[in-house]
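Read through the structure below, which is laid out as structure tokens, and then see the notes.
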Amino acid sequence: MVRVTTTNRREVLRAGAGIVAGGALAAGCGSGQTAPSPTPTAASPPPSSAGRPAASAKAAPAPRAYPGQPAQITHGPRARPQVALTFHGQGDPGIAHSLLTTAERYGARLTVLAVGTWLDEHPDVARRILDGGHDLGNHTQRHIDVNALAEADARREITDCADRLKRLTGSIGTWFRPSRSPTASPLVARLARAVGYPHVLSYDVDSLDYTRPGAAAVTRNVLAAVRSGSVVSLHFGYPDTVAALPDLLHELGRRNLRAVTTTELLS
């Protein structure tokens with residue numbers, strides 16, 4: 001069992017500064033209910049008035065194909081001591097900024113799959129993610145059960161989020177992950193390829209942080225299953241995840257597992 005030390009507790013408190021206790025939380029992909037739009041906290045910078053990148057901002061990387069990898073990727077190579085921590089991007093932007101800052105303090109890089117409506121409300125977060133050296137991808141426009149939709153509606157969920165990413169960053173994002181399911185139906189996988197995503201990004205380790213089990217349980221859930229090449233599912237929007245991240249990164253380091261972007265994991 002991983003214990004939170006006094007030092008880690010101080011780090012968590014620093015990282016979580018500005019998070020409003022009891023603020024709106026994002027619904028996890030295993031949940032059947034979408035959380036209400038959060039109110040920005042003091043930890044989040046003011047949004048861009050135009051909701052667009054600066055003219056000098058470099059366009060974000062585009063999706064790419066990985067030869068030898070399946071259409072739906074659940075993990076990377078097992079021979080290298082690396083893992084990808086992937087975050088469903090939704091919820092209180094203050095929590096998002098805290099998680100990004102904590103990861104960077106530990107030298108870790110994350111993969112964020114952003115919800116389109118979240119980007120509409122907090123357009124500055126897209127550039128913040130990229131400027132921190134993290135991956136940014138598409139998690140549908142409204143975070144509904146995309147696999148259950150009719151073809152036209154499912155296509156719209158993917159393209160609407162892709163359009164927002166393109167407007168904000170110059171790219172549709174490097175990855176697509178379906179909402180409300182770890183894997184895409186054959187139809188949704190085909191639609192994602194047509195939009196420009198050669199692969200669907202799934203995962204082999206579920207932190208279950210969206211069930212709000214407490215920080216120690218989030219850490220245990222990941223450490224019990226993670227190994228070289230793992231892709232871990234986590235979420236923005238949950239204070240438990242903020243509190244768990246320092247211990248999680250510390251324990252991954254003890255196992256000589258480095259947290260990298262999914263792009264780096266597969267390259």
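Just so we're on the same page: first chain in the structure tokens is A, next is B, and so on; residues restart at 1 for each chain, and ligands are numbered from 1 in the order they show up.
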Can you pull out every residue within 12 Å of Glu104 in chain A, counting only C-alpha atoms, but drop anything in the same chain fewer than 2 positions away, and send it as a VMD selection string? chain A and resid 15 97 to 102 106 to 110 128 to 129 131 to 134 245 to 246 249 259 to 260
Could you give me, as CSV, a per-residue list for range 165-258 of chain A showing, wherever an atom lies at most 6 Å from an atom of range 136-159 of chain A, the closest pair of atoms and their distance in Å to one decimal, using only C-alpha atoms and sorting by chain then residue number from low to high?
```
residue,atom,partner,partner_atom,distance
A:Gly173,CA,A:Gly137,CA,4.3
A:Thr174,CA,A:Gly137,CA,5.2
A:Trp175,CA,A:Gly137,CA,4.5
A:Phe176,CA,A:Asn138,CA,4.7
A:Arg177,CA,A:His139,CA,5.2
A:Pro178,CA,A:His139,CA,5.8
A:Ser179,CA,A:His143,CA,5.2
A:Arg180,CA,A:Asp145,CA,5.0
A:Ser185,CA,A:Asn147,CA,5.7
```
Output file for the residues above (C-alpha atoms, as a PDB file, in the first residue's frame):
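Listing of part21.pdb after writing:
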```
ATOM      1  CA  GLY A 173      -5.053  16.349 -32.339  1.00  0.00           C
ATOM      2  CA  THR A 174      -2.783  13.342 -32.292  1.00  0.00           C
ATOM      3  CA  TRP A 175      -5.270  10.816 -30.898  1.00  0.00           C
ATOM      4  CA  PHE A 176      -8.944   9.880 -30.789  1.00  0.00           C
ATOM      5  CA  ARG A 177     -10.598   8.076 -27.893  1.00  0.00           C
ATOM      6  CA  PRO A 178     -14.331   7.278 -27.875  1.00  0.00           C
ATOM      7  CA  SER A 179     -16.435   8.633 -25.043  1.00  0.00           C
ATOM      8  CA  ARG A 180     -18.235   6.366 -22.570  1.00  0.00           C
ATOM      9  CA  SER A 185     -17.357   0.147 -32.253  1.00  0.00           C
TER      10      SER A 185
END
```
Of the residues A:Ala162, A:Ala224, A:Ala194, A:Ile172, which is the one nearest to Ala59 in chain A, using only C-alpha atoms?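 Closest residue, counting only C-alpha atoms: A:Ile172.
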Helix (DSSP H, G or I) positions in range 78-142 of chain A, given as number ranges by chain: A: 93-105, 116-121, 124-131
Near Asn221 in chain A, within 9 Å and counting only C-alpha atoms, which residues show up once chain neighbours fewer than 4 positions away are dropped, as a list in words?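 Within the cut-off, the hits are Val205, Asp206, Ser207, Leu208, Asp209, Ala216, Ala217, Ala225 and Val226 of chain A.
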Take the residues from that selection and put them in a file with C-alpha atoms, as an mmCIF file, in the first residue's frame.
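And here is the file that came out, selection_23.cif:
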```cif
data_model
loop_
_atom_site.group_PDB
_atom_site.id
_atom_site.type_symbol
_atom_site.label_atom_id
_atom_site.label_comp_id
_atom_site.auth_asym_id
_atom_site.auth_seq_id
_atom_site.Cartn_x
_atom_site.Cartn_y
_atom_site.Cartn_z
ATOM 1 C CA VAL A 205 -5.012 0.046 -16.983
ATOM 2 C CA ASP A 206 -8.061 1.796 -15.513
ATOM 3 C CA SER A 207 -7.438 3.941 -12.444
ATOM 4 C CA LEU A 208 -11.194 4.111 -11.685
ATOM 5 C CA ASP A 209 -10.594 7.633 -10.423
ATOM 6 C CA ALA A 216 -4.673 6.078 -2.127
ATOM 7 C CA ALA A 217 -7.074 3.789 -3.988
ATOM 8 C CA ALA A 225 -1.804 -3.407 -13.032
ATOM 9 C CA VAL A 226 0.756 -1.113 -14.642
#
```
From a DSSP pass on the backbone, collect the residues of range 122-178 of chain A flagged as strand (DSSP E) and hand them back as a list in words. Asp135, Leu136, Gly137 and Asn138 of chain A
Just the selected residues (N, CA, C and O atoms), exported as an mmCIF file, in the first residue's frame, please.
```cif
data_model
loop_
_atom_site.group_PDB
_atom_site.id
_atom_site.type_symbol
_atom_site.label_atom_id
_atom_site.label_comp_id
_atom_site.auth_asym_id
_atom_site.auth_seq_id
_atom_site.Cartn_x
_atom_site.Cartn_y
_atom_site.Cartn_z
ATOM 1 N N ASP A 135 0.712 15.504 -25.090
ATOM 2 C CA ASP A 135 -0.123 15.177 -26.243
ATOM 3 C C ASP A 135 -1.536 15.702 -26.017
ATOM 4 O O ASP A 135 -2.028 15.737 -24.883
ATOM 5 N N LEU A 136 -2.205 16.060 -27.116
ATOM 6 C CA LEU A 136 -3.587 16.521 -27.054
ATOM 7 C C LEU A 136 -4.388 15.812 -28.134
ATOM 8 O O LEU A 136 -3.953 15.730 -29.288
ATOM 9 N N GLY A 137 -5.546 15.269 -27.752
ATOM 10 C CA GLY A 137 -6.362 14.542 -28.710
ATOM 11 C C GLY A 137 -7.847 14.798 -28.519
ATOM 12 O O GLY A 137 -8.271 15.660 -27.748
ATOM 13 N N ASN A 138 -8.651 14.017 -29.226
ATOM 14 C CA ASN A 138 -10.090 14.191 -29.397
ATOM 15 C C ASN A 138 -10.840 13.157 -28.553
ATOM 16 O O ASN A 138 -10.619 11.953 -28.700
#
```
Residues near Arg78 in chain A, anyone? I mean within 10 Å using only C-alpha atoms, not counting same-chain ones fewer than 2 positions away, as a list in words.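 Counting only the stated atoms, we get His75, Gly76, Arg80, Pro81, Gln82, Val83, Arg227, Ser228, Gly229, Ser230 and Leu265 of chain A.
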Same residues, C-alpha atoms, output as a PDB file, in the first residue's frame:
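Heads up, here's the output in selection-v8.pdb:
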```pdb
ATOM      1  CA  HIS A  75      -0.656  -0.527 -24.892  1.00  0.00           C
ATOM      2  CA  GLY A  76       2.786   0.213 -26.258  1.00  0.00           C
ATOM      3  CA  ARG A  80      10.883  -0.273 -22.862  1.00  0.00           C
ATOM      4  CA  PRO A  81      10.406   1.072 -19.305  1.00  0.00           C
ATOM      5  CA  GLN A  82       7.816   3.666 -20.262  1.00  0.00           C
ATOM      6  CA  VAL A  83       4.112   4.176 -19.618  1.00  0.00           C
ATOM      7  CA  ARG A 227       3.840  -2.459 -16.420  1.00  0.00           C
ATOM      8  CA  SER A 228       6.147  -1.417 -19.225  1.00  0.00           C
ATOM      9  CA  GLY A 229       4.163  -0.168 -22.185  1.00  0.00           C
ATOM     10  CA  SER A 230       0.926   0.355 -20.269  1.00  0.00           C
ATOM     11  CA  LEU A 265       5.590   5.524 -26.017  1.00  0.00           C
TER      12      LEU A 265
END
```
To one decimal place, how far is CA of Leu130 in chain A from CA of Ala60 in chain A in Å?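 Distance reported for this atom pair: 7.3 Å.
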